[in-house]
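**Q** The structure under discussion is supplied below as structure tokens; questions concerning it will follow.
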Amino acid sequence: MNLLDHRPGTSPVHRAPLGVKYAVLLVLTVVLVAWRQPVVVGAVLAGVLGLYLLARLPGEFLAPWRRGWPLLAFAGVARFASGVFGPVPLSPLDALGPALVVMAAVFGALAAARLLVITTPGTELLDGLAHFFGAFRRFGVNPEAAALAVNVMLRTIPWVGAAVRAHAEALASRGLRRGPVRLMGPVLVATVGHARATGEALAARGLPAAPEPKPPGPDYTRGA
Amino acid sequence: MPTAGPDPVIELRGAVVDLPGAAPAPGQGTGAAPGTLRILGPVDTVLAEPVTAVIGANGSGKSTLVRLLNGLVQPSAGTVTVHGLDTVARVDEVRSRTGFMFTDPLVQLVMPTTGEDVELSLRRSIRHRGERRRAAEAVLAEHGLAGLAHRSIYDLSGGQRQRLALATVLATDPALLVADEPTTLLDLDWTLEVQDLLLSLPGSGRCRQLVYTTHDLDFAARADRCLVVAGGRIVHDDDGPGAVAWYRRDVHDRRAARTRPGAGRQERAR
């Protein structure tokens, strides 16, 4: 199972209108970023855990940590280093607290964002995004094209992961040690190739549709 | 409806494809502009038969030729007209009347689940989400994929994926279906299944004309007309069985000529 695959369900979280989901995500993320007190971050984390329980996906709560811990560890180390070596040097013990809070806050934001993606079918995300980008129509944005681009990007992440594994296997089968530097080139080339092929396939299907003067627009405020 | 509109005739008039490139491969010529290579043409032909096959060696220009038909590749010179529409001037209309099936269905299927991918095809014609979902389920049922709407495209068998690719293409109701080696990745059972499906389309009211490339000569022989492509040109043009027989003889003659003493391998290139 991929990190961003849709997990179908009938819980209140699944049935909530997409606009509400985005509003909750926005509030949670703003609080986590702007108000980094241990108590606040702890409360928001508990809230996100509560939402996972409500969605009946308790096992998924820690998935961003299992798959993304190097990223979170890097954020923590960076905060720790800026505490110890910053303009107002802290003792290592004092710098540890803020570093843990930053890691918890980033984890909370990732988990909340992921909950939105995995409880919403792809087509509904697409409709919601198209609706959102509709506000930028006057600036020459084609909402359908913009929404499709975001969706294709989101769904390409697992593909890139698979490409990394495939190239690591190819290196191993030739008796070469796998390493990020050796993998980067071929994976980049493969990804560009995949992007071209995807673009060609979309064009062949006549997608995205040319912008229309006044489309009715999907009603994304209703549940599925 | 595909039955409306002008006659299903494809015309290529002096169609040429030049791509940037410095060193011509054996048998390749240079293009009209400096620094370009001619990978196809000039091609002059009129395709009016319901089913046309295109065969030839790897790299001969088959894929480029069929990509001209829906504007994925545009001619550097000459014109391509599909059912009365120029593929350069009216590319959007050409694409909305043309379906294209790729060798690898995973390239073509961009949404994570089966049902969502069909819905993507229907976005243009059905705006309402609930109606679109029901229409997508109907399309899946029609193609023997009922109940798989929530299945990930990665969990389908290769044959099911190619069948789904065909379903997503047909959901847009194309008048012309172009398929680039549609059976190359499939086992024998699914190869025959997809062949029968494709060949049954023209005349069933679903699409009026089918053009496909293939390395499967039995498949090519079932076409009403078959073009043999070599070195970017049409070198033989006949009905299916006739063109396949000509192609087999041509390949065997060339191989025999190569194995004779004193003959160089470069003769392989035309």
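The way I read the labels, and the way they are meant: chains A, B, ... in the order of the structure tokens, residue 1 as the first residue of every chain, and ligand 1 as the first ligand shown, with later ones counted on from there.
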At most 6 Å is the cut-off: for each residue in chain B with any atom that close to an atom of chain A, write down the nearest atom pair and the distance in Å rounded to one decimal, counting only C-alpha atoms, chain first then increasing number, as a tab-separated table.
**A**
```
residue	atom	partner	partner_atom	distance
B:Arg95	CA	A:Gly206	CA	5.5
B:Ser96	CA	A:Gly206	CA	5.7
B:Phe100	CA	A:Ala204	CA	5.8
B:Val107	CA	A:Thr198	CA	5.8
B:Gln108	CA	A:Ala201	CA	5.1
```
**Q** Filtering to C-alpha atoms, could you give me those residues as a short mmCIF file (atom, residue, chain, number, x, y, z; two decimals), in the first residue's frame?
**A**
```
data_model
loop_
_atom_site.label_atom_id
_atom_site.label_comp_id
_atom_site.auth_asym_id
_atom_site.auth_seq_id
_atom_site.Cartn_x
_atom_site.Cartn_y
_atom_site.Cartn_z
CA ARG B 95 -7.83 14.50 -30.66
CA SER B 96 -11.41 14.55 -29.44
CA PHE B 100 -4.98 6.28 -28.83
CA VAL B 107 1.67 4.90 -19.15
CA GLN B 108 -1.85 5.62 -20.22
#
```
**Q** Within 10 Å of Thr81 of chain B, counting only C-alpha atoms, which residues qualify if same-chain residues fewer than 6 places away don't, as a ChimeraX atom specification?
**A** /B:9-13,46,68-71,87-90,94
**Q** Between atom CA of Val160 of chain A and atom CA of Thr191 of chain A, what is the spacing in Å?
**A**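 Interatomic distance here is 6.7 Å.
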**Q** Quick one: residues within 10 Å of segment 99-110 of chain A, only C-alpha atoms, excluding same-chain residues fewer than 6 positions away - as a count of residues only?
**A** 42
